[in-house]
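structure_2.cif (mmCIF, C-alpha atoms and all ligand atoms)
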```
data_model
loop_
_atom_site.label_atom_id
_atom_site.label_comp_id
_atom_site.auth_asym_id
_atom_site.auth_seq_id
_atom_site.Cartn_x
_atom_site.Cartn_y
_atom_site.Cartn_z
CA MET A 11 17.85 1.50 -9.36
CA ASP A 12 16.83 4.62 -11.24
CA ARG A 13 18.90 7.14 -9.28
CA ARG A 14 21.73 8.76 -11.21
CA GLU A 15 24.99 10.20 -9.91
CA VAL A 16 24.85 13.92 -9.12
CA ARG A 17 27.13 16.42 -7.42
CA TYR A 18 26.68 16.40 -3.64
CA THR A 19 25.97 20.13 -3.81
CA ASP A 20 23.03 19.61 -6.22
CA VAL A 21 20.79 18.13 -3.53
CA PHE A 22 22.04 20.02 -0.48
CA ASP A 23 18.85 22.06 0.09
CA GLU A 24 16.52 19.05 -0.03
CA THR A 25 18.83 17.12 2.30
CA ILE A 26 19.07 19.81 4.97
CA ALA A 27 15.32 20.46 4.73
CA MET A 28 14.51 16.80 5.52
CA LEU A 29 17.20 16.65 8.22
CA GLY A 30 15.18 19.25 10.09
CA ASN A 31 11.81 17.82 9.14
CA GLY A 32 11.62 14.30 10.55
CA GLY A 33 15.19 13.25 9.84
CA LEU A 34 17.25 11.18 7.40
CA LEU A 35 17.91 7.43 7.36
CA LEU A 36 21.42 6.29 8.25
CA ALA A 37 22.10 2.72 7.10
CA SER A 38 25.08 0.42 7.35
CA THR A 39 25.88 -3.19 6.45
CA LYS A 40 28.30 -5.36 8.38
CA ARG A 41 30.96 -7.42 6.60
CA SER A 42 28.78 -10.44 7.44
CA GLY A 43 26.04 -8.94 5.24
CA GLU A 44 23.65 -7.97 8.05
CA SER A 45 22.14 -4.48 7.76
CA ASN A 46 20.50 -1.96 10.06
CA LEU A 47 19.26 1.59 9.85
CA MET A 48 18.24 4.42 12.16
CA THR A 49 16.91 7.96 11.91
CA ILE A 50 19.28 10.90 12.32
CA GLY A 51 18.35 14.50 12.98
CA TRP A 52 21.84 15.87 13.43
CA GLY A 53 24.55 16.07 10.81
CA THR A 54 26.31 18.30 8.38
CA ILE A 55 27.86 18.30 4.92
CA GLY A 56 31.02 20.19 3.99
CA ILE A 57 34.56 20.03 2.77
CA ILE A 58 37.33 18.60 4.95
CA TRP A 59 40.74 17.33 3.84
CA SER A 60 39.84 18.74 0.40
CA LYS A 61 37.04 16.18 0.09
CA PRO A 62 33.27 16.30 0.49
CA GLU A 63 32.40 14.89 3.91
CA MET A 64 29.15 13.93 5.61
CA VAL A 65 29.38 14.27 9.38
CA VAL A 66 26.91 12.25 11.46
CA LEU A 67 26.62 11.81 15.23
CA VAL A 68 25.75 8.37 16.59
CA ARG A 69 25.41 7.47 20.26
CA PRO A 70 27.30 4.27 21.20
CA SER A 71 24.05 2.77 22.54
CA ARG A 72 22.58 2.63 19.02
CA TYR A 73 22.63 -0.77 17.33
CA THR A 74 23.65 1.01 14.10
CA TYR A 75 26.87 2.09 15.84
CA GLU A 76 28.07 -1.55 15.78
CA PHE A 77 27.44 -1.71 12.03
CA ILE A 78 29.43 1.42 11.21
CA GLU A 79 32.25 0.31 13.50
CA ASP A 80 32.36 -3.05 11.72
CA SER A 81 32.10 -1.85 8.13
CA GLY A 82 33.65 1.62 8.17
CA GLU A 83 30.87 2.64 5.76
CA PHE A 84 27.38 4.06 5.81
CA THR A 85 24.76 5.56 3.56
CA VAL A 86 22.57 8.56 4.29
CA ASN A 87 19.17 8.24 2.63
CA VAL A 88 16.88 11.24 2.23
CA PRO A 89 13.26 10.14 2.59
CA THR A 90 10.16 11.71 1.07
CA PRO A 91 7.57 13.32 3.37
CA ASP A 92 5.20 10.38 2.81
CA MET A 93 7.78 8.06 4.43
CA ALA A 94 7.34 9.91 7.75
CA LYS A 95 5.80 6.93 9.55
CA PHE A 96 8.71 4.67 8.65
CA VAL A 97 11.28 7.34 9.52
CA LEU A 98 9.72 7.84 12.96
CA PHE A 99 9.62 4.06 13.47
CA CYS A 100 13.34 3.83 12.64
CA GLY A 101 14.03 6.58 15.17
CA THR A 102 12.03 5.02 17.99
CA ASN A 103 12.76 1.31 17.58
CA SER A 104 16.05 -0.54 17.72
CA GLY A 105 17.17 -3.12 15.23
CA ARG A 106 18.11 -5.20 18.28
CA ASP A 107 14.39 -5.73 18.90
CA VAL A 108 12.77 -5.55 15.49
CA ASP A 109 13.66 -5.96 11.80
CA LYS A 110 12.70 -2.46 10.66
CA LEU A 111 13.00 -3.19 6.94
CA ALA A 112 10.85 -6.32 7.11
CA THR A 113 8.20 -4.66 9.29
CA PHE A 114 7.54 -2.04 6.61
CA ASP A 115 8.47 -4.25 3.65
CA ILE A 116 11.17 -1.78 2.57
CA ALA A 117 13.27 -2.65 -0.48
CA THR A 118 17.00 -1.99 -0.45
CA THR A 119 19.90 -2.15 -2.90
CA PRO A 120 23.63 -2.26 -2.07
CA GLY A 121 25.45 1.00 -2.70
CA GLN A 122 27.41 1.42 -5.92
CA LYS A 123 30.67 2.39 -4.21
CA VAL A 124 30.07 0.99 -0.73
CA SER A 125 28.55 -2.31 0.43
CA SER A 126 26.07 -0.64 2.80
CA ILE A 127 22.44 -0.82 1.72
CA THR A 128 20.55 2.09 0.22
CA ILE A 129 16.80 2.53 0.64
CA ASP A 130 15.08 2.23 -2.75
CA ALA A 131 12.19 4.55 -1.85
CA CYS A 132 14.56 7.42 -0.99
CA PRO A 133 15.12 9.81 -3.93
CA ILE A 134 18.54 10.99 -2.66
CA VAL A 135 21.34 8.81 -1.31
CA TYR A 136 24.87 9.62 -0.15
CA GLU A 137 27.41 6.78 -0.02
CA CYS A 138 30.08 7.41 2.60
CA ARG A 139 33.35 5.82 3.74
CA VAL A 140 34.49 6.68 7.26
CA SER A 141 37.65 8.78 7.02
CA HIS A 142 37.77 9.81 10.67
CA LYS A 143 35.85 9.38 13.90
CA ASN A 144 36.08 10.99 17.30
CA ASP A 145 34.00 11.22 20.45
CA VAL A 146 32.27 14.27 21.88
CA ILE A 147 34.41 15.46 24.82
CA PRO A 148 32.12 16.22 27.80
CA GLU A 149 34.54 18.74 29.36
CA GLU A 150 34.66 20.71 26.12
CA LEU A 151 30.90 21.19 25.72
CA LEU A 152 29.66 24.71 26.21
CA GLY A 153 26.97 25.82 28.66
CA ASP A 154 24.01 23.55 29.24
CA ILE A 155 24.63 21.10 26.37
CA VAL A 156 25.54 18.29 28.80
CA SER A 157 22.42 18.73 30.94
CA SER A 158 20.19 19.22 27.88
CA TYR A 159 21.44 16.35 25.73
CA TYR A 160 23.63 14.04 27.82
CA SER A 161 21.90 13.53 31.17
CA GLU A 162 22.51 9.79 30.72
CA GLY A 163 26.01 10.12 29.21
CA ASP A 164 26.12 8.14 25.96
CA PHE A 165 28.16 10.87 24.29
CA HIS A 166 27.96 10.76 20.52
CA ARG A 167 30.65 9.33 18.32
CA VAL A 168 31.19 11.77 15.45
CA TYR A 169 31.74 10.03 12.12
CA PHE A 170 33.30 11.87 9.22
CA GLY A 171 32.26 9.99 6.08
CA GLU A 172 33.86 10.90 2.79
CA ILE A 173 31.01 11.20 0.30
CA VAL A 174 32.20 8.80 -2.41
CA GLY A 175 28.93 9.00 -4.35
CA THR A 176 25.72 11.00 -4.37
CA TYR A 177 22.72 9.65 -6.29
CA ALA A 178 19.33 11.21 -6.98
CA ARG A 179 16.19 10.72 -9.02
C1 LIG B 1 13.92 12.60 14.46
C2 LIG B 1 14.97 11.74 15.13
C3 LIG B 1 16.30 12.08 15.00
C4 LIG B 1 17.29 11.31 15.62
N1 LIG B 1 18.60 11.66 15.48
C5 LIG B 1 19.59 10.89 16.04
C6 LIG B 1 20.97 11.22 15.82
O1 LIG B 1 21.33 12.17 15.09
N2 LIG B 1 21.89 10.44 16.44
C7 LIG B 1 21.55 9.38 17.25
O2 LIG B 1 22.44 8.71 17.80
N3 LIG B 1 20.25 9.03 17.44
C8 LIG B 1 19.26 9.75 16.82
N4 LIG B 1 17.95 9.41 16.98
C9 LIG B 1 17.60 8.21 17.75
C10 LIG B 1 17.79 6.89 16.97
O3 LIG B 1 17.28 6.99 15.66
C11 LIG B 1 17.03 5.77 17.72
O4 LIG B 1 17.60 5.60 19.01
C12 LIG B 1 16.98 4.46 16.97
O5 LIG B 1 15.98 3.66 17.56
C13 LIG B 1 18.31 3.72 16.96
O6 LIG B 1 18.13 2.51 16.26
P1 LIG B 1 19.16 1.29 16.34
O7 LIG B 1 19.30 0.89 17.79
O8 LIG B 1 18.51 0.23 15.51
O9 LIG B 1 20.44 1.79 15.77
C14 LIG B 1 16.93 10.16 16.38
C15 LIG B 1 15.58 9.82 16.51
C16 LIG B 1 14.60 10.59 15.89
C17 LIG B 1 13.17 10.19 16.02
#
```
Hey, can you dump this file as structure tokens for me?
Amino acid sequence: MDRREVRYTDVFDETIAMLGNGGLLLASTKRSGESNLMTIGWGTIGIIWSKPEMVVLVRPSRYTYEFIEDSGEFTVNVPTPDMAKFVLFCGTNSGRDVDKLATFDIATTPGQKVSSITIDACPIVYECRVSHKNDVIPEELLGDIVSSYYSEGDFHRVYFGEIVGTYAR
């Protein structure tokens, strides 16, 4: 894999731009070796507990949720604009019903510091180890957030993943 290790701050702009432009690919691999991925449009990067952390929000109904719960790891892969079709597919189809990687013949490589897969076609990858998780508290949500985003419940689990490696080409 031709990505090299960079500082997580080096690729911040590109990451946030794609987060708001189709989304990023969140992938995780169970201890059994099985992998899954999904699109995310919400997340943030910052410093918590004196460490760089990637915060992602995953609804418990997502198949990927099971993978992160099992492994305690995930990768966040920043796609290129020409991967838009695949990214949309990953955000509108569940790994319970279809093998997303096989459908699009997508190559993957295990992370360097985590076992979760990384997507070869993505030029930027963050490898993350879950350092904390908590659930969105319905009673603590302001204004119309519940009616706008949680009409069916399924309140997000918020994962704080320590960024143990950032790689870019
Ligand atoms: C642009 C976009 C952004 C999304 N962002 C999120 C997100 O941040 N969190 C989440 O739980 N689901 C999000 N989704 C929905 C999941 O990607 C979608 O439900 C996916 O099919 C789940 O796959 P899985 O069941 O294989 O895990 C998003 C979907 C799209 C299209």
Counting only C-alpha atoms and all ligand atoms, which residues of chain A sit at most 10 Å from some atom of ligand LIG 1 (chain B), and what is each one's closest atom pair with its distance in Å to one decimal, listed by chain and rising residue number, as JSON lines?
```
{"residue": "A:Met28", "atom": "CA", "partner": "B:LIG1", "partner_atom": "C1", "distance": 9.9}
{"residue": "A:Leu29", "atom": "CA", "partner": "B:LIG1", "partner_atom": "C1", "distance": 8.1}
{"residue": "A:Gly30", "atom": "CA", "partner": "B:LIG1", "partner_atom": "C1", "distance": 8.1}
{"residue": "A:Asn31", "atom": "CA", "partner": "B:LIG1", "partner_atom": "C1", "distance": 7.7}
{"residue": "A:Gly32", "atom": "CA", "partner": "B:LIG1", "partner_atom": "C1", "distance": 4.8}
{"residue": "A:Gly33", "atom": "CA", "partner": "B:LIG1", "partner_atom": "C1", "distance": 4.8}
{"residue": "A:Leu34", "atom": "CA", "partner": "B:LIG1", "partner_atom": "C3", "distance": 7.7}
{"residue": "A:Leu35", "atom": "CA", "partner": "B:LIG1", "partner_atom": "O3", "distance": 8.3}
{"residue": "A:Leu36", "atom": "CA", "partner": "B:LIG1", "partner_atom": "O3", "distance": 8.5}
{"residue": "A:Ala37", "atom": "CA", "partner": "B:LIG1", "partner_atom": "O9", "distance": 8.9}
{"residue": "A:Ser38", "atom": "CA", "partner": "B:LIG1", "partner_atom": "O9", "distance": 9.7}
{"residue": "A:Ser45", "atom": "CA", "partner": "B:LIG1", "partner_atom": "O8", "distance": 9.8}
{"residue": "A:Asn46", "atom": "CA", "partner": "B:LIG1", "partner_atom": "O8", "distance": 6.2}
{"residue": "A:Leu47", "atom": "CA", "partner": "B:LIG1", "partner_atom": "O8", "distance": 5.9}
{"residue": "A:Met48", "atom": "CA", "partner": "B:LIG1", "partner_atom": "O3", "distance": 4.4}
{"residue": "A:Thr49", "atom": "CA", "partner": "B:LIG1", "partner_atom": "O3", "distance": 3.9}
{"residue": "A:Ile50", "atom": "CA", "partner": "B:LIG1", "partner_atom": "N1", "distance": 3.3}
{"residue": "A:Gly51", "atom": "CA", "partner": "B:LIG1", "partner_atom": "C3", "distance": 3.8}
{"residue": "A:Trp52", "atom": "CA", "partner": "B:LIG1", "partner_atom": "O1", "distance": 4.1}
{"residue": "A:Gly53", "atom": "CA", "partner": "B:LIG1", "partner_atom": "O1", "distance": 6.6}
{"residue": "A:Val66", "atom": "CA", "partner": "B:LIG1", "partner_atom": "O1", "distance": 6.7}
{"residue": "A:Leu67", "atom": "CA", "partner": "B:LIG1", "partner_atom": "N2", "distance": 5.1}
{"residue": "A:Val68", "atom": "CA", "partner": "B:LIG1", "partner_atom": "O2", "distance": 3.5}
{"residue": "A:Arg69", "atom": "CA", "partner": "B:LIG1", "partner_atom": "O2", "distance": 4.1}
{"residue": "A:Pro70", "atom": "CA", "partner": "B:LIG1", "partner_atom": "O2", "distance": 7.4}
{"residue": "A:Ser71", "atom": "CA", "partner": "B:LIG1", "partner_atom": "O7", "distance": 7.0}
{"residue": "A:Arg72", "atom": "CA", "partner": "B:LIG1", "partner_atom": "O7", "distance": 3.9}
{"residue": "A:Tyr73", "atom": "CA", "partner": "B:LIG1", "partner_atom": "O9", "distance": 3.7}
{"residue": "A:Thr74", "atom": "CA", "partner": "B:LIG1", "partner_atom": "O9", "distance": 3.7}
{"residue": "A:Tyr75", "atom": "CA", "partner": "B:LIG1", "partner_atom": "O9", "distance": 6.4}
{"residue": "A:Glu76", "atom": "CA", "partner": "B:LIG1", "partner_atom": "O9", "distance": 8.3}
{"residue": "A:Phe77", "atom": "CA", "partner": "B:LIG1", "partner_atom": "O9", "distance": 8.7}
{"residue": "A:Ala94", "atom": "CA", "partner": "B:LIG1", "partner_atom": "C1", "distance": 9.8}
{"residue": "A:Val97", "atom": "CA", "partner": "B:LIG1", "partner_atom": "C17", "distance": 7.3}
{"residue": "A:Leu98", "atom": "CA", "partner": "B:LIG1", "partner_atom": "C17", "distance": 5.2}
{"residue": "A:Phe99", "atom": "CA", "partner": "B:LIG1", "partner_atom": "C17", "distance": 7.5}
{"residue": "A:Cys100", "atom": "CA", "partner": "B:LIG1", "partner_atom": "O5", "distance": 5.6}
{"residue": "A:Gly101", "atom": "CA", "partner": "B:LIG1", "partner_atom": "O3", "distance": 3.3}
{"residue": "A:Thr102", "atom": "CA", "partner": "B:LIG1", "partner_atom": "O5", "distance": 4.2}
{"residue": "A:Asn103", "atom": "CA", "partner": "B:LIG1", "partner_atom": "O5", "distance": 4.0}
{"residue": "A:Ser104", "atom": "CA", "partner": "B:LIG1", "partner_atom": "O8", "distance": 3.4}
{"residue": "A:Gly105", "atom": "CA", "partner": "B:LIG1", "partner_atom": "O8", "distance": 3.6}
{"residue": "A:Arg106", "atom": "CA", "partner": "B:LIG1", "partner_atom": "O8", "distance": 6.1}
{"residue": "A:Asp107", "atom": "CA", "partner": "B:LIG1", "partner_atom": "O8", "distance": 8.0}
{"residue": "A:Val108", "atom": "CA", "partner": "B:LIG1", "partner_atom": "O8", "distance": 8.1}
{"residue": "A:Asp109", "atom": "CA", "partner": "B:LIG1", "partner_atom": "O8", "distance": 8.7}
{"residue": "A:Lys110", "atom": "CA", "partner": "B:LIG1", "partner_atom": "O8", "distance": 8.0}
{"residue": "A:Asp164", "atom": "CA", "partner": "B:LIG1", "partner_atom": "O2", "distance": 9.0}
{"residue": "A:Phe165", "atom": "CA", "partner": "B:LIG1", "partner_atom": "O2", "distance": 8.9}
{"residue": "A:His166", "atom": "CA", "partner": "B:LIG1", "partner_atom": "O2", "distance": 6.5}
{"residue": "A:Arg167", "atom": "CA", "partner": "B:LIG1", "partner_atom": "O2", "distance": 8.2}
{"residue": "A:Val168", "atom": "CA", "partner": "B:LIG1", "partner_atom": "N2", "distance": 9.4}
```
Could you state the separation of atom CA of Thr90 of chain A and atom CA of Val65 of chain A in Å, given to one decimal place? 21.1 Å
Grab the atom CA of Pro62 of chain A to atom CA of Arg139 of chain A distance for me, in Å with one decimal place.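 About the pair atom CA of Pro62 of chain A and atom CA of Arg139 of chain A: they are 11.0 Å apart.
Reported to one decimal place, the separation of atom CA of Gly82 of chain A from atom CA of His142 of chain A is 9.5 Å.
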Skip segment 56-61 of chain A itself and residues of its chain fewer than 6 positions away, then list as an mmCIF file with C-alpha atoms, in the coordinates of the input all residues within 9 Å of it, counting only C-alpha atoms.
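Contents of result12.cif, freshly written:
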```cif
data_model
loop_
_atom_site.group_PDB
_atom_site.id
_atom_site.type_symbol
_atom_site.label_atom_id
_atom_site.label_comp_id
_atom_site.auth_asym_id
_atom_site.auth_seq_id
_atom_site.Cartn_x
_atom_site.Cartn_y
_atom_site.Cartn_z
ATOM 1 C CA PHE A 170 33.300 11.870 9.220
ATOM 2 C CA GLU A 172 33.860 10.900 2.790
ATOM 3 C CA ILE A 173 31.010 11.200 0.300
#
```
Need to verify the contact set: Ala178 of chain A, 6 Å, only C-alpha atoms, exclusion of same-chain residues closer than 5 positions in sequence. Can you return it as a ChimeraX atom specification? /A:13-14,133-134
Selected residue of minimal separation from Pro91 of chain A among A:Ile55, A:Val146, A:Ala131, A:Ile155, counting only C-alpha atoms: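 Of A:Ile55, A:Val146, A:Ala131, A:Ile155, the one nearest Pro91 of chain A is A:Ala131, counting only C-alpha atoms.
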Need the shell around Ala117 of chain A: protein/DNA/RNA residues with any atom at most 12 Å away, counting all atoms listed in the file. Skip same-chain ones fewer than 5 positions apart. Format as a PyMOL selection string? chain A and resi 11+110-112+127-132
Counting all atoms listed in the file, figure out which residue out of A:Tyr169, A:Phe114, A:Gly163, A:Glu79 gets nearest to Asp145 of chain A. A:Tyr169
